[in-house]
>>> print(open('upload31.json').read())   # JSON, C-alpha atoms and all ligand atoms
[["chain", "number", "residue", "atom", "x", "y", "z"],
["A", 815, "MET", "CA", -17.41, -8.24, -17.78],
["A", 816, "MET", "CA", -16.20, -10.47, -20.68],
["A", 817, "PRO", "CA", -14.74, -8.72, -23.72],
["A", 818, "ASP", "CA", -16.61, -9.27, -27.00],
["A", 819, "ILE", "CA", -13.55, -9.59, -29.26],
["A", 820, "ILE", "CA", -12.85, -13.17, -30.38],
["A", 821, "LYS", "CA", -9.48, -14.07, -31.85],
["A", 822, "THR", "CA", -7.85, -17.26, -33.16],
["A", 823, "PRO", "CA", -4.38, -18.52, -32.10],
["A", 824, "ALA", "CA", -3.10, -17.76, -35.62],
["A", 825, "ASP", "CA", -4.02, -14.08, -35.18],
["A", 826, "SER", "CA", -1.39, -13.64, -32.47],
["A", 827, "ALA", "CA", 1.22, -16.26, -33.42],
["A", 828, "VAL", "CA", 4.78, -14.90, -33.44],
["A", 829, "GLU", "CA", 7.90, -16.27, -35.12],
["A", 830, "THR", "CA", 11.36, -14.91, -34.47],
["A", 831, "ARG", "CA", 14.93, -15.99, -35.05],
["A", 832, "TYR", "CA", 18.30, -15.59, -33.31],
["A", 833, "LEU", "CA", 21.88, -16.57, -34.15],
["A", 834, "VAL", "CA", 23.61, -18.40, -31.29],
["A", 835, "MET", "CA", 26.84, -16.55, -30.49],
["A", 836, "PRO", "CA", 29.66, -17.54, -28.08],
["A", 837, "GLY", "CA", 28.18, -15.18, -25.46],
["A", 838, "HIS", "CA", 25.02, -17.36, -25.38],
["A", 839, "ALA", "CA", 26.94, -20.58, -24.76],
["A", 840, "ASN", "CA", 27.81, -22.63, -21.70],
["A", 841, "ALA", "CA", 31.18, -24.25, -20.97],
["A", 842, "PHE", "CA", 30.36, -27.13, -23.37],
["A", 843, "GLY", "CA", 29.89, -24.91, -26.43],
["A", 844, "THR", "CA", 26.14, -25.34, -26.57],
["A", 845, "ALA", "CA", 23.49, -22.70, -25.92],
["A", 846, "PHE", "CA", 23.03, -21.81, -22.25],
["A", 847, "GLY", "CA", 19.55, -22.73, -20.96],
["A", 848, "GLY", "CA", 19.08, -19.28, -19.41],
["A", 849, "ALA", "CA", 19.67, -17.57, -22.77],
["A", 850, "ILE", "CA", 17.09, -19.80, -24.46],
["A", 851, "ILE", "CA", 14.58, -19.17, -21.65],
["A", 852, "SER", "CA", 14.99, -15.42, -22.02],
["A", 853, "TRP", "CA", 14.24, -15.69, -25.78],
["A", 854, "ILE", "CA", 11.27, -17.95, -24.98],
["A", 855, "ASP", "CA", 9.86, -15.45, -22.45],
["A", 856, "MET", "CA", 10.25, -12.61, -24.97],
["A", 857, "VAL", "CA", 8.56, -14.33, -27.92],
["A", 858, "ALA", "CA", 5.78, -15.72, -25.71],
["A", 859, "ALA", "CA", 5.14, -12.27, -24.21],
["A", 860, "MET", "CA", 4.81, -10.83, -27.71],
["A", 861, "ALA", "CA", 2.19, -13.44, -28.66],
["A", 862, "ALA", "CA", 0.23, -12.81, -25.43],
["A", 863, "GLN", "CA", 0.45, -9.04, -25.91],
["A", 864, "LYS", "CA", -0.71, -9.38, -29.50],
["A", 865, "HIS", "CA", -3.67, -11.52, -28.42],
["A", 866, "CYS", "CA", -4.70, -9.06, -25.70],
["A", 867, "GLY", "CA", -3.81, -5.81, -27.44],
["A", 868, "ARG", "CA", -2.55, -4.61, -24.07],
["A", 869, "GLU", "CA", 0.17, -5.10, -21.48],
["A", 870, "VAL", "CA", 0.72, -8.58, -20.07],
["A", 871, "VAL", "CA", 2.97, -9.95, -17.33],
["A", 872, "THR", "CA", 4.62, -13.35, -17.06],
["A", 873, "ALA", "CA", 2.90, -15.17, -14.19],
["A", 874, "GLY", "CA", 4.84, -18.39, -14.67],
["A", 875, "ILE", "CA", 7.32, -20.20, -16.86],
["A", 876, "ASP", "CA", 5.51, -23.45, -16.22],
["A", 877, "SER", "CA", 7.66, -25.97, -18.05],
["A", 878, "VAL", "CA", 10.71, -26.00, -20.27],
["A", 879, "ALA", "CA", 11.93, -29.23, -21.88],
["A", 880, "PHE", "CA", 15.41, -29.08, -23.41],
["A", 881, "GLU", "CA", 15.15, -31.99, -25.82],
["A", 882, "SER", "CA", 18.23, -31.44, -27.93],
["A", 883, "PRO", "CA", 21.36, -29.22, -27.55],
["A", 884, "ILE", "CA", 21.79, -26.12, -29.72],
["A", 885, "ARG", "CA", 25.28, -25.30, -30.95],
["A", 886, "ILE", "CA", 27.13, -21.99, -31.40],
["A", 887, "GLY", "CA", 26.55, -20.81, -34.99],
["A", 888, "ASP", "CA", 23.12, -22.43, -35.23],
["A", 889, "GLN", "CA", 20.14, -20.26, -35.99],
["A", 890, "VAL", "CA", 17.19, -20.77, -33.65],
["A", 891, "VAL", "CA", 13.63, -20.26, -34.79],
["A", 892, "LEU", "CA", 11.10, -19.60, -32.01],
["A", 893, "LEU", "CA", 7.40, -20.14, -32.67],
["A", 894, "ALA", "CA", 4.90, -18.91, -30.08],
["A", 895, "CYS", "CA", 1.14, -19.10, -29.99],
["A", 896, "VAL", "CA", -1.60, -18.66, -27.42],
["A", 897, "ASN", "CA", -2.96, -22.13, -26.66],
["A", 898, "TYR", "CA", -5.69, -21.33, -24.16],
["A", 899, "VAL", "CA", -7.38, -18.39, -22.45],
["A", 900, "SER", "CA", -9.01, -18.70, -19.03],
["A", 901, "ARG", "CA", -10.29, -15.34, -17.82],
["A", 902, "THR", "CA", -7.36, -12.97, -17.31],
["A", 903, "SER", "CA", -4.65, -15.59, -17.82],
["A", 904, "MET", "CA", -3.53, -17.41, -20.94],
["A", 905, "GLU", "CA", -1.19, -20.27, -21.72],
["A", 906, "VAL", "CA", 1.37, -19.66, -24.47],
["A", 907, "GLY", "CA", 3.29, -22.54, -26.05],
["A", 908, "VAL", "CA", 6.74, -22.03, -27.55],
["A", 909, "LYS", "CA", 8.64, -24.38, -29.84],
["A", 910, "VAL", "CA", 12.36, -23.71, -30.36],
["A", 911, "ILE", "CA", 13.85, -25.17, -33.54],
["A", 912, "SER", "CA", 17.60, -25.23, -34.17],
["A", 913, "GLU", "CA", 18.60, -24.79, -37.78],
["A", 914, "HIS", "CA", 22.08, -25.64, -39.04],
["A", 915, "ALA", "CA", 23.21, -22.67, -41.13],
["A", 916, "ALA", "CA", 25.04, -24.70, -43.81],
["A", 917, "THR", "CA", 22.74, -27.70, -44.21],
["A", 918, "GLY", "CA", 19.42, -26.15, -43.19],
["A", 919, "LYS", "CA", 18.75, -29.27, -41.06],
["A", 920, "ARG", "CA", 16.08, -28.47, -38.46],
["A", 921, "ILE", "CA", 15.61, -30.09, -35.05],
["A", 922, "THR", "CA", 13.02, -29.27, -32.40],
["A", 923, "ALA", "CA", 15.34, -28.42, -29.50],
["A", 924, "THR", "CA", 13.12, -27.02, -26.76],
["A", 925, "ARG", "CA", 9.42, -26.82, -25.88],
["A", 926, "ALA", "CA", 7.96, -24.55, -23.23],
["A", 927, "PHE", "CA", 4.63, -23.50, -21.74],
["A", 928, "LEU", "CA", 4.17, -20.15, -20.02],
["A", 929, "THR", "CA", 1.32, -18.33, -18.30],
["A", 930, "PHE", "CA", 0.70, -14.64, -18.93],
["A", 931, "VAL", "CA", -1.87, -12.39, -17.29],
["A", 932, "ALA", "CA", -3.44, -9.38, -19.03],
["A", 933, "VAL", "CA", -3.17, -6.29, -16.82],
["A", 934, "ASP", "CA", -4.67, -2.79, -16.78],
["A", 935, "GLU", "CA", -2.94, 0.56, -16.27],
["A", 936, "ASN", "CA", -2.63, -0.21, -12.55],
["A", 937, "HIS", "CA", -1.14, -3.63, -13.24],
["A", 938, "ARG", "CA", -4.28, -5.37, -12.00],
["A", 939, "PRO", "CA", -5.54, -8.47, -13.88],
["A", 940, "VAL", "CA", -8.14, -7.73, -16.53],
["A", 941, "ALA", "CA", -10.16, -10.07, -18.81],
["A", 942, "ALA", "CA", -8.33, -11.24, -21.94],
["A", 943, "PRO", "CA", -10.13, -11.53, -25.30],
["A", 944, "LEU", "CA", -11.74, -14.92, -25.97],
["A", 945, "LEU", "CA", -9.75, -17.41, -28.02],
["A", 946, "THR", "CA", -11.34, -19.54, -30.74],
["A", 947, "PRO", "CA", -9.23, -22.49, -31.87],
["A", 948, "VAL", "CA", -10.05, -23.22, -35.52],
["A", 949, "THR", "CA", -7.67, -25.77, -37.03],
["A", 950, "ASP", "CA", -7.24, -29.36, -35.78],
["A", 951, "ASN", "CA", -3.85, -28.43, -34.31],
["A", 952, "GLU", "CA", -5.27, -25.38, -32.54],
["A", 953, "GLN", "CA", -8.09, -27.48, -31.10],
["A", 954, "ARG", "CA", -5.65, -30.18, -29.93],
["A", 955, "ARG", "CA", -3.45, -27.54, -28.27],
["A", 956, "TRP", "CA", -6.51, -25.96, -26.62],
["A", 957, "LYS", "CA", -7.65, -29.33, -25.20],
["A", 958, "ASN", "CA", -4.20, -30.24, -23.88],
["A", 959, "ALA", "CA", -3.65, -26.76, -22.45],
["A", 960, "ALA", "CA", -7.00, -26.93, -20.63],
["A", 961, "LEU", "CA", -5.78, -30.05, -18.81],
["A", 962, "ARG", "CA", -2.48, -28.40, -17.86],
["A", 963, "VAL", "CA", -4.18, -25.17, -16.71],
["A", 964, "LYS", "CA", -6.60, -27.14, -14.51],
["A", 965, "SER", "CA", -3.85, -29.22, -12.95],
["A", 966, "ARG", "CA", -1.63, -26.15, -12.30],
["A", 967, "LYS", "CA", -4.53, -24.34, -10.60],
["A", 968, "GLU", "CA", -5.27, -27.39, -8.45],
["A", 969, "LEU", "CA", -1.59, -27.72, -7.51],
["A", 970, "ARG", "CA", -1.37, -24.02, -6.58],
["A", 971, "GLN", "CA", -4.49, -24.30, -4.42],
["A", 972, "LYS", "CA", -3.16, -27.40, -2.65],
["A", 973, "THR", "CA", 0.34, -26.06, -2.06],
["A", 974, "THR", "CA", -0.20, -22.36, -1.17],
["B", 1, "LIG", "C1", 0.43, -12.36, -12.20],
["B", 1, "LIG", "C2", -0.28, -11.38, -11.28],
["B", 1, "LIG", "C3", -0.75, -10.15, -12.08],
["B", 1, "LIG", "C4", -1.52, -12.09, -10.70],
["B", 1, "LIG", "O1", -2.11, -11.22, -9.81],
["B", 1, "LIG", "P1", -3.11, -11.76, -8.63],
["B", 1, "LIG", "O2", -3.44, -10.60, -7.78],
["B", 1, "LIG", "O3", -2.55, -12.99, -8.04],
["B", 1, "LIG", "O4", -4.39, -12.06, -9.47],
["B", 1, "LIG", "P2", -5.49, -13.18, -9.33],
["B", 1, "LIG", "O5", -5.35, -14.03, -8.11],
["B", 1, "LIG", "O6", -6.79, -12.45, -9.56],
["B", 1, "LIG", "O7", -5.19, -14.11, -10.59],
["B", 1, "LIG", "C5", -5.32, -13.59, -11.89],
["B", 1, "LIG", "C6", -5.05, -14.71, -12.86],
["B", 1, "LIG", "O8", -3.68, -15.07, -12.75],
["B", 1, "LIG", "C7", -3.58, -16.47, -12.57],
["B", 1, "LIG", "N1", -2.41, -16.68, -11.75],
["B", 1, "LIG", "C8", -2.11, -16.10, -10.58],
["B", 1, "LIG", "N2", -0.93, -16.56, -10.14],
["B", 1, "LIG", "C9", -0.47, -17.44, -11.05],
["B", 1, "LIG", "C10", 0.70, -18.25, -11.15],
["B", 1, "LIG", "N3", 1.63, -18.26, -10.22],
["B", 1, "LIG", "N4", 0.83, -19.04, -12.24],
["B", 1, "LIG", "C11", -0.11, -19.07, -13.20],
["B", 1, "LIG", "N5", -1.25, -18.30, -13.15],
["B", 1, "LIG", "C12", -1.41, -17.51, -12.09],
["B", 1, "LIG", "C13", -4.87, -16.86, -11.87],
["B", 1, "LIG", "O9", -5.15, -18.24, -12.07],
["B", 1, "LIG", "C14", -5.86, -15.97, -12.56],
["B", 1, "LIG", "O10", -6.22, -16.52, -13.81],
["B", 1, "LIG", "P3", -7.73, -16.40, -14.43],
["B", 1, "LIG", "O11", -8.20, -14.99, -14.23],
["B", 1, "LIG", "O12", -7.55, -16.71, -15.87],
["B", 1, "LIG", "O13", -8.55, -17.40, -13.71],
["B", 1, "LIG", "C15", 0.64, -10.92, -10.09],
["B", 1, "LIG", "O14", 0.97, -12.07, -9.29],
["B", 1, "LIG", "C16", 1.91, -10.25, -10.56],
["B", 1, "LIG", "O15", 1.89, -9.07, -10.90],
["B", 1, "LIG", "N6", 3.03, -10.97, -10.54],
["B", 1, "LIG", "C17", 4.32, -10.42, -10.99],
["B", 1, "LIG", "C18", 4.45, -10.52, -12.52],
["B", 1, "LIG", "C19", 5.86, -10.17, -12.95],
["B", 1, "LIG", "O16", 6.50, -9.30, -12.39],
["B", 1, "LIG", "N7", 6.35, -10.91, -13.96],
["B", 1, "LIG", "C20", 7.70, -10.81, -14.44],
["B", 1, "LIG", "C21", 7.92, -9.66, -15.36],
["B", 1, "LIG", "S1", 6.71, -9.50, -16.64]]
>>> encode(input="upload31.json", output="structure tokens", more="lines below")
Ligand SMILES: CC(C)(COP(=O)(O)OP(=O)(O)OC[C@H]1O[C@@H](n2cnc3c(N)ncnc32)[C@H](O)[C@@H]1OP(=O)(O)O)[C@@H](O)C(=O)NCCC(=O)NCCS
Amino acid sequence: MMPDIIKTPADSAVETRYLVMPGHANAFGTAFGGAIISWIDMVAAMAAQKHCGREVVTAGIDSVAFESPIRIGDQVVLLACVNYVSRTSMEVGVKVISEHAATGKRITATRAFLTFVAVDENHRPVAAPLLTPVTDNEQRRWKNAALRVKSRKELRQKTT
């Protein structure tokens, strides 16, 4: 049965911020990929949870592109929003922006796409609320996500 609640991506968008400390860094003094991925998973989960109003699980961290290094002392801003909802699963996109504390200069450092599945009390998949993209950006993200979701499903079917 499909739920009758319809929400927009903006309704569940989440923004959060961290300060990169030496404990988050690799041997080269830049942020360790694993630390960034853990922040990405967290902020994306919050957006998915907010969209569903219930528990979600990470089904896949589908792609992470580290486009620019992040240095110790930088602040990182993470922006997450639900791009697309299938039935029980949804794609969440995360943009990670590094911000230099002194100059305020901002660079998009990392982009990621993740799949979350809404689950019931027994941790079984359950239908997620419908998503209505409203703005041009939301509609573009929806269209692009639909292509990625289709190709991931096809790949899973062919390779499992
Ligand atoms: C994710 C999970 C709930 C899917 O359960 P399942 O029994 O395979 O469920 P289904 O086959 O009915 O698939 C449910 C949805 O998940 C999607 N899905 C399943 N495996 C997936 C994967 N590897 N990647 C992306 N989506 C996946 C399906 O496409 C389906 O989407 P739809 O309903 O929108 O069409 C289950 O595999 C699980 O619990 N995994 C562990 C999650 C976890 O521990 N995460 C880390 C901590 S949160």
>>> axis_aligned_box(input="upload31.json", around="ligand LIG 1 (chain B)", padding_each_side="5 Å", output="JSON")
{"center_x": -0.3, "center_y": -14.1, "center_z": -12.2, "size_x": 26.5, "size_y": 20.0, "size_z": 18.9}
>>> closest_residue(input="upload31.json", among="A:Lys919, A:Arg962, A:Arg831, A:Lys909", to="ligand LIG 1 (chain B)", atoms="only C-alpha atoms and all ligand atoms")
A:Arg962
>>> residues_around(input="upload31.json", residues="Phe842 in chain A", least_positions_apart="6", cutoff="12 Å", atoms="all atoms listed in the file", output="PyMOL selection string")
chain A and resi 836+883-886
>>> atom_distance(input="upload31.json", atom1="CA of Thr872 in chain A", atom2="CA of Val933 in chain A")
10.5 Å
>>> closest_residue(input="upload31.json", among="A:Glu905, A:Glu913, A:Glu952, A:Asp876", to="Leu833 in chain A", atoms="all atoms listed in the file")
A:Glu913
>>> atom_distance(input="upload31.json", atom1="CA of Val908 in chain A", atom2="CA of Asp855 in chain A")
8.9 Å
>>> closest_atom_pairs(input="upload31.json", of="chain A", to="ligand LIG 1 (chain B)", cutoff="12 Å", atoms="all atoms listed in the file", output="JSON lines")
{"residue": "A:Met815", "atom": "CA", "partner": "B:LIG1", "partner_atom": "O11", "distance": 12.0}
{"residue": "A:Met816", "atom": "CA", "partner": "B:LIG1", "partner_atom": "O11", "distance": 11.2}
{"residue": "A:Ser852", "atom": "CA", "partner": "B:LIG1", "partner_atom": "C21", "distance": 11.3}
{"residue": "A:Asp855", "atom": "CA", "partner": "B:LIG1", "partner_atom": "S1", "distance": 8.9}
{"residue": "A:Met856", "atom": "CA", "partner": "B:LIG1", "partner_atom": "S1", "distance": 9.6}
{"residue": "A:Ala858", "atom": "CA", "partner": "B:LIG1", "partner_atom": "S1", "distance": 11.0}
{"residue": "A:Ala859", "atom": "CA", "partner": "B:LIG1", "partner_atom": "S1", "distance": 8.2}
{"residue": "A:Met860", "atom": "CA", "partner": "B:LIG1", "partner_atom": "S1", "distance": 11.3}
{"residue": "A:Ala862", "atom": "CA", "partner": "B:LIG1", "partner_atom": "S1", "distance": 11.4}
{"residue": "A:Gln863", "atom": "CA", "partner": "B:LIG1", "partner_atom": "S1", "distance": 11.2}
{"residue": "A:Glu869", "atom": "CA", "partner": "B:LIG1", "partner_atom": "S1", "distance": 9.2}
{"residue": "A:Val870", "atom": "CA", "partner": "B:LIG1", "partner_atom": "S1", "distance": 7.0}
{"residue": "A:Val871", "atom": "CA", "partner": "B:LIG1", "partner_atom": "S1", "distance": 3.8}
{"residue": "A:Thr872", "atom": "CA", "partner": "B:LIG1", "partner_atom": "N7", "distance": 4.3}
{"residue": "A:Ala873", "atom": "CA", "partner": "B:LIG1", "partner_atom": "C1", "distance": 4.2}
{"residue": "A:Gly874", "atom": "CA", "partner": "B:LIG1", "partner_atom": "N4", "distance": 4.7}
{"residue": "A:Ile875", "atom": "CA", "partner": "B:LIG1", "partner_atom": "N4", "distance": 8.1}
{"residue": "A:Asp876", "atom": "CA", "partner": "B:LIG1", "partner_atom": "N4", "distance": 7.6}
{"residue": "A:Ser877", "atom": "CA", "partner": "B:LIG1", "partner_atom": "N4", "distance": 11.3}
{"residue": "A:Tyr898", "atom": "CA", "partner": "B:LIG1", "partner_atom": "O12", "distance": 9.7}
{"residue": "A:Val899", "atom": "CA", "partner": "B:LIG1", "partner_atom": "O12", "distance": 6.8}
{"residue": "A:Ser900", "atom": "CA", "partner": "B:LIG1", "partner_atom": "O12", "distance": 4.0}
{"residue": "A:Arg901", "atom": "CA", "partner": "B:LIG1", "partner_atom": "O12", "distance": 3.6}
{"residue": "A:Thr902", "atom": "CA", "partner": "B:LIG1", "partner_atom": "O11", "distance": 3.8}
{"residue": "A:Ser903", "atom": "CA", "partner": "B:LIG1", "partner_atom": "O12", "distance": 3.7}
{"residue": "A:Met904", "atom": "CA", "partner": "B:LIG1", "partner_atom": "O12", "distance": 6.5}
{"residue": "A:Glu905", "atom": "CA", "partner": "B:LIG1", "partner_atom": "C11", "distance": 8.7}
{"residue": "A:Val906", "atom": "CA", "partner": "B:LIG1", "partner_atom": "C11", "distance": 11.4}
{"residue": "A:Phe927", "atom": "CA", "partner": "B:LIG1", "partner_atom": "C11", "distance": 10.7}
{"residue": "A:Leu928", "atom": "CA", "partner": "B:LIG1", "partner_atom": "C11", "distance": 8.1}
{"residue": "A:Thr929", "atom": "CA", "partner": "B:LIG1", "partner_atom": "C11", "distance": 5.3}
{"residue": "A:Phe930", "atom": "CA", "partner": "B:LIG1", "partner_atom": "C1", "distance": 7.1}
{"residue": "A:Val931", "atom": "CA", "partner": "B:LIG1", "partner_atom": "O8", "distance": 5.6}
{"residue": "A:Ala932", "atom": "CA", "partner": "B:LIG1", "partner_atom": "C3", "distance": 7.5}
{"residue": "A:Val933", "atom": "CA", "partner": "B:LIG1", "partner_atom": "C3", "distance": 6.6}
{"residue": "A:Asp934", "atom": "CA", "partner": "B:LIG1", "partner_atom": "C3", "distance": 9.6}
{"residue": "A:Glu935", "atom": "CA", "partner": "B:LIG1", "partner_atom": "C3", "distance": 11.7}
{"residue": "A:Asn936", "atom": "CA", "partner": "B:LIG1", "partner_atom": "O15", "distance": 10.1}
{"residue": "A:His937", "atom": "CA", "partner": "B:LIG1", "partner_atom": "C3", "distance": 6.6}
{"residue": "A:Arg938", "atom": "CA", "partner": "B:LIG1", "partner_atom": "C3", "distance": 5.9}
{"residue": "A:Pro939", "atom": "CA", "partner": "B:LIG1", "partner_atom": "C3", "distance": 5.4}
{"residue": "A:Val940", "atom": "CA", "partner": "B:LIG1", "partner_atom": "O11", "distance": 7.6}
{"residue": "A:Ala941", "atom": "CA", "partner": "B:LIG1", "partner_atom": "O11", "distance": 7.0}
{"residue": "A:Ala942", "atom": "CA", "partner": "B:LIG1", "partner_atom": "O12", "distance": 8.2}
{"residue": "A:Pro943", "atom": "CA", "partner": "B:LIG1", "partner_atom": "O12", "distance": 11.1}
{"residue": "A:Leu944", "atom": "CA", "partner": "B:LIG1", "partner_atom": "O12", "distance": 11.1}
{"residue": "A:Ala960", "atom": "CA", "partner": "B:LIG1", "partner_atom": "O12", "distance": 11.3}
{"residue": "A:Arg962", "atom": "CA", "partner": "B:LIG1", "partner_atom": "C11", "distance": 10.7}
{"residue": "A:Val963", "atom": "CA", "partner": "B:LIG1", "partner_atom": "C11", "distance": 8.1}
{"residue": "A:Lys964", "atom": "CA", "partner": "B:LIG1", "partner_atom": "O9", "distance": 9.3}
{"residue": "A:Ser965", "atom": "CA", "partner": "B:LIG1", "partner_atom": "C11", "distance": 10.8}
{"residue": "A:Arg966", "atom": "CA", "partner": "B:LIG1", "partner_atom": "C11", "distance": 7.3}
{"residue": "A:Lys967", "atom": "CA", "partner": "B:LIG1", "partner_atom": "O9", "distance": 6.3}
{"residue": "A:Glu968", "atom": "CA", "partner": "B:LIG1", "partner_atom": "O9", "distance": 9.8}
{"residue": "A:Leu969", "atom": "CA", "partner": "B:LIG1", "partner_atom": "N4", "distance": 10.2}
{"residue": "A:Arg970", "atom": "CA", "partner": "B:LIG1", "partner_atom": "N3", "distance": 7.4}
{"residue": "A:Gln971", "atom": "CA", "partner": "B:LIG1", "partner_atom": "O9", "distance": 9.8}
{"residue": "A:Thr973", "atom": "CA", "partner": "B:LIG1", "partner_atom": "N3", "distance": 11.4}
{"residue": "A:Thr974", "atom": "CA", "partner": "B:LIG1", "partner_atom": "N3", "distance": 10.1}
>>> write_last_selection(input="upload31.json", atoms="C-alpha atoms", output="PDB file, keeping the file's coordinate frame")
ATOM      1  CA  MET A 815     -17.410  -8.240 -17.780  1.00  0.00           C
ATOM      2  CA  MET A 816     -16.200 -10.470 -20.680  1.00  0.00           C
ATOM      3  CA  SER A 852      14.990 -15.420 -22.020  1.00  0.00           C
ATOM      4  CA  ASP A 855       9.860 -15.450 -22.450  1.00  0.00           C
ATOM      5  CA  MET A 856      10.250 -12.610 -24.970  1.00  0.00           C
ATOM      6  CA  ALA A 858       5.780 -15.720 -25.710  1.00  0.00           C
ATOM      7  CA  ALA A 859       5.140 -12.270 -24.210  1.00  0.00           C
ATOM      8  CA  MET A 860       4.810 -10.830 -27.710  1.00  0.00           C
ATOM      9  CA  ALA A 862       0.230 -12.810 -25.430  1.00  0.00           C
ATOM     10  CA  GLN A 863       0.450  -9.040 -25.910  1.00  0.00           C
ATOM     11  CA  GLU A 869       0.170  -5.100 -21.480  1.00  0.00           C
ATOM     12  CA  VAL A 870       0.720  -8.580 -20.070  1.00  0.00           C
ATOM     13  CA  VAL A 871       2.970  -9.950 -17.330  1.00  0.00           C
ATOM     14  CA  THR A 872       4.620 -13.350 -17.060  1.00  0.00           C
ATOM     15  CA  ALA A 873       2.900 -15.170 -14.190  1.00  0.00           C
ATOM     16  CA  GLY A 874       4.840 -18.390 -14.670  1.00  0.00           C
ATOM     17  CA  ILE A 875       7.320 -20.200 -16.860  1.00  0.00           C
ATOM     18  CA  ASP A 876       5.510 -23.450 -16.220  1.00  0.00           C
ATOM     19  CA  SER A 877       7.660 -25.970 -18.050  1.00  0.00           C
ATOM     20  CA  TYR A 898      -5.690 -21.330 -24.160  1.00  0.00           C
ATOM     21  CA  VAL A 899      -7.380 -18.390 -22.450  1.00  0.00           C
ATOM     22  CA  SER A 900      -9.010 -18.700 -19.030  1.00  0.00           C
ATOM     23  CA  ARG A 901     -10.290 -15.340 -17.820  1.00  0.00           C
ATOM     24  CA  THR A 902      -7.360 -12.970 -17.310  1.00  0.00           C
ATOM     25  CA  SER A 903      -4.650 -15.590 -17.820  1.00  0.00           C
ATOM     26  CA  MET A 904      -3.530 -17.410 -20.940  1.00  0.00           C
ATOM     27  CA  GLU A 905      -1.190 -20.270 -21.720  1.00  0.00           C
ATOM     28  CA  VAL A 906       1.370 -19.660 -24.470  1.00  0.00           C
ATOM     29  CA  PHE A 927       4.630 -23.500 -21.740  1.00  0.00           C
ATOM     30  CA  LEU A 928       4.170 -20.150 -20.020  1.00  0.00           C
ATOM     31  CA  THR A 929       1.320 -18.330 -18.300  1.00  0.00           C
ATOM     32  CA  PHE A 930       0.700 -14.640 -18.930  1.00  0.00           C
ATOM     33  CA  VAL A 931      -1.870 -12.390 -17.290  1.00  0.00           C
ATOM     34  CA  ALA A 932      -3.440  -9.380 -19.030  1.00  0.00           C
ATOM     35  CA  VAL A 933      -3.170  -6.290 -16.820  1.00  0.00           C
ATOM     36  CA  ASP A 934      -4.670  -2.790 -16.780  1.00  0.00           C
ATOM     37  CA  GLU A 935      -2.940   0.560 -16.270  1.00  0.00           C
ATOM     38  CA  ASN A 936      -2.630  -0.210 -12.550  1.00  0.00           C
ATOM     39  CA  HIS A 937      -1.140  -3.630 -13.240  1.00  0.00           C
ATOM     40  CA  ARG A 938      -4.280  -5.370 -12.000  1.00  0.00           C
ATOM     41  CA  PRO A 939      -5.540  -8.470 -13.880  1.00  0.00           C
ATOM     42  CA  VAL A 940      -8.140  -7.730 -16.530  1.00  0.00           C
ATOM     43  CA  ALA A 941     -10.160 -10.070 -18.810  1.00  0.00           C
ATOM     44  CA  ALA A 942      -8.330 -11.240 -21.940  1.00  0.00           C
ATOM     45  CA  PRO A 943     -10.130 -11.530 -25.300  1.00  0.00           C
ATOM     46  CA  LEU A 944     -11.740 -14.920 -25.970  1.00  0.00           C
ATOM     47  CA  ALA A 960      -7.000 -26.930 -20.630  1.00  0.00           C
ATOM     48  CA  ARG A 962      -2.480 -28.400 -17.860  1.00  0.00           C
ATOM     49  CA  VAL A 963      -4.180 -25.170 -16.710  1.00  0.00           C
ATOM     50  CA  LYS A 964      -6.600 -27.140 -14.510  1.00  0.00           C
ATOM     51  CA  SER A 965      -3.850 -29.220 -12.950  1.00  0.00           C
ATOM     52  CA  ARG A 966      -1.630 -26.150 -12.300  1.00  0.00           C
ATOM     53  CA  LYS A 967      -4.530 -24.340 -10.600  1.00  0.00           C
ATOM     54  CA  GLU A 968      -5.270 -27.390  -8.450  1.00  0.00           C
ATOM     55  CA  LEU A 969      -1.590 -27.720  -7.510  1.00  0.00           C
ATOM     56  CA  ARG A 970      -1.370 -24.020  -6.580  1.00  0.00           C
ATOM     57  CA  GLN A 971      -4.490 -24.300  -4.420  1.00  0.00           C
ATOM     58  CA  THR A 973       0.340 -26.060  -2.060  1.00  0.00           C
ATOM     59  CA  THR A 974      -0.200 -22.360  -1.170  1.00  0.00           C
TER      60      THR A 974
END
>>> atom_distance(input="upload31.json", atom1="CA of Val828 in chain A", atom2="CA of Gly843 in chain A")
27.9 Å
>>> closest_residue(input="upload31.json", among="A:Ala849, A:Val948, A:Ile921, A:Val896", to="Ser826 in chain A", atoms="all atoms listed in the file")
A:Val896
>>> build_atoms(input="upload31.json", residues="range 948-954 of chain A", atoms="N, CA and C atoms", output="PDB file, keeping the file's coordinate frame")
ATOM      1  N   VAL A 948      -9.354 -22.899 -34.272  1.00  0.00           N
ATOM      2  CA  VAL A 948     -10.050 -23.220 -35.520  1.00  0.00           C
ATOM      3  C   VAL A 948      -9.527 -24.520 -36.133  1.00  0.00           C
ATOM      4  N   THR A 949      -8.228 -24.596 -36.342  1.00  0.00           N
ATOM      5  CA  THR A 949      -7.670 -25.770 -37.030  1.00  0.00           C
ATOM      6  C   THR A 949      -7.611 -26.962 -36.061  1.00  0.00           C
ATOM      7  N   ASP A 950      -7.362 -28.161 -36.617  1.00  0.00           N
ATOM      8  CA  ASP A 950      -7.240 -29.360 -35.780  1.00  0.00           C
ATOM      9  C   ASP A 950      -6.118 -29.185 -34.756  1.00  0.00           C
ATOM     10  N   ASN A 951      -4.988 -28.645 -35.214  1.00  0.00           N
ATOM     11  CA  ASN A 951      -3.850 -28.430 -34.310  1.00  0.00           C
ATOM     12  C   ASN A 951      -4.202 -27.452 -33.187  1.00  0.00           C
ATOM     13  N   GLU A 952      -4.882 -26.369 -33.560  1.00  0.00           N
ATOM     14  CA  GLU A 952      -5.270 -25.380 -32.540  1.00  0.00           C
ATOM     15  C   GLU A 952      -6.229 -25.994 -31.538  1.00  0.00           C
ATOM     16  N   GLN A 953      -7.133 -26.843 -32.019  1.00  0.00           N
ATOM     17  CA  GLN A 953      -8.090 -27.480 -31.100  1.00  0.00           C
ATOM     18  C   GLN A 953      -7.396 -28.485 -30.180  1.00  0.00           C
ATOM     19  N   ARG A 954      -6.418 -29.221 -30.743  1.00  0.00           N
ATOM     20  CA  ARG A 954      -5.650 -30.180 -29.930  1.00  0.00           C
ATOM     21  C   ARG A 954      -4.866 -29.429 -28.846  1.00  0.00           C
TER      22      ARG A 954
END
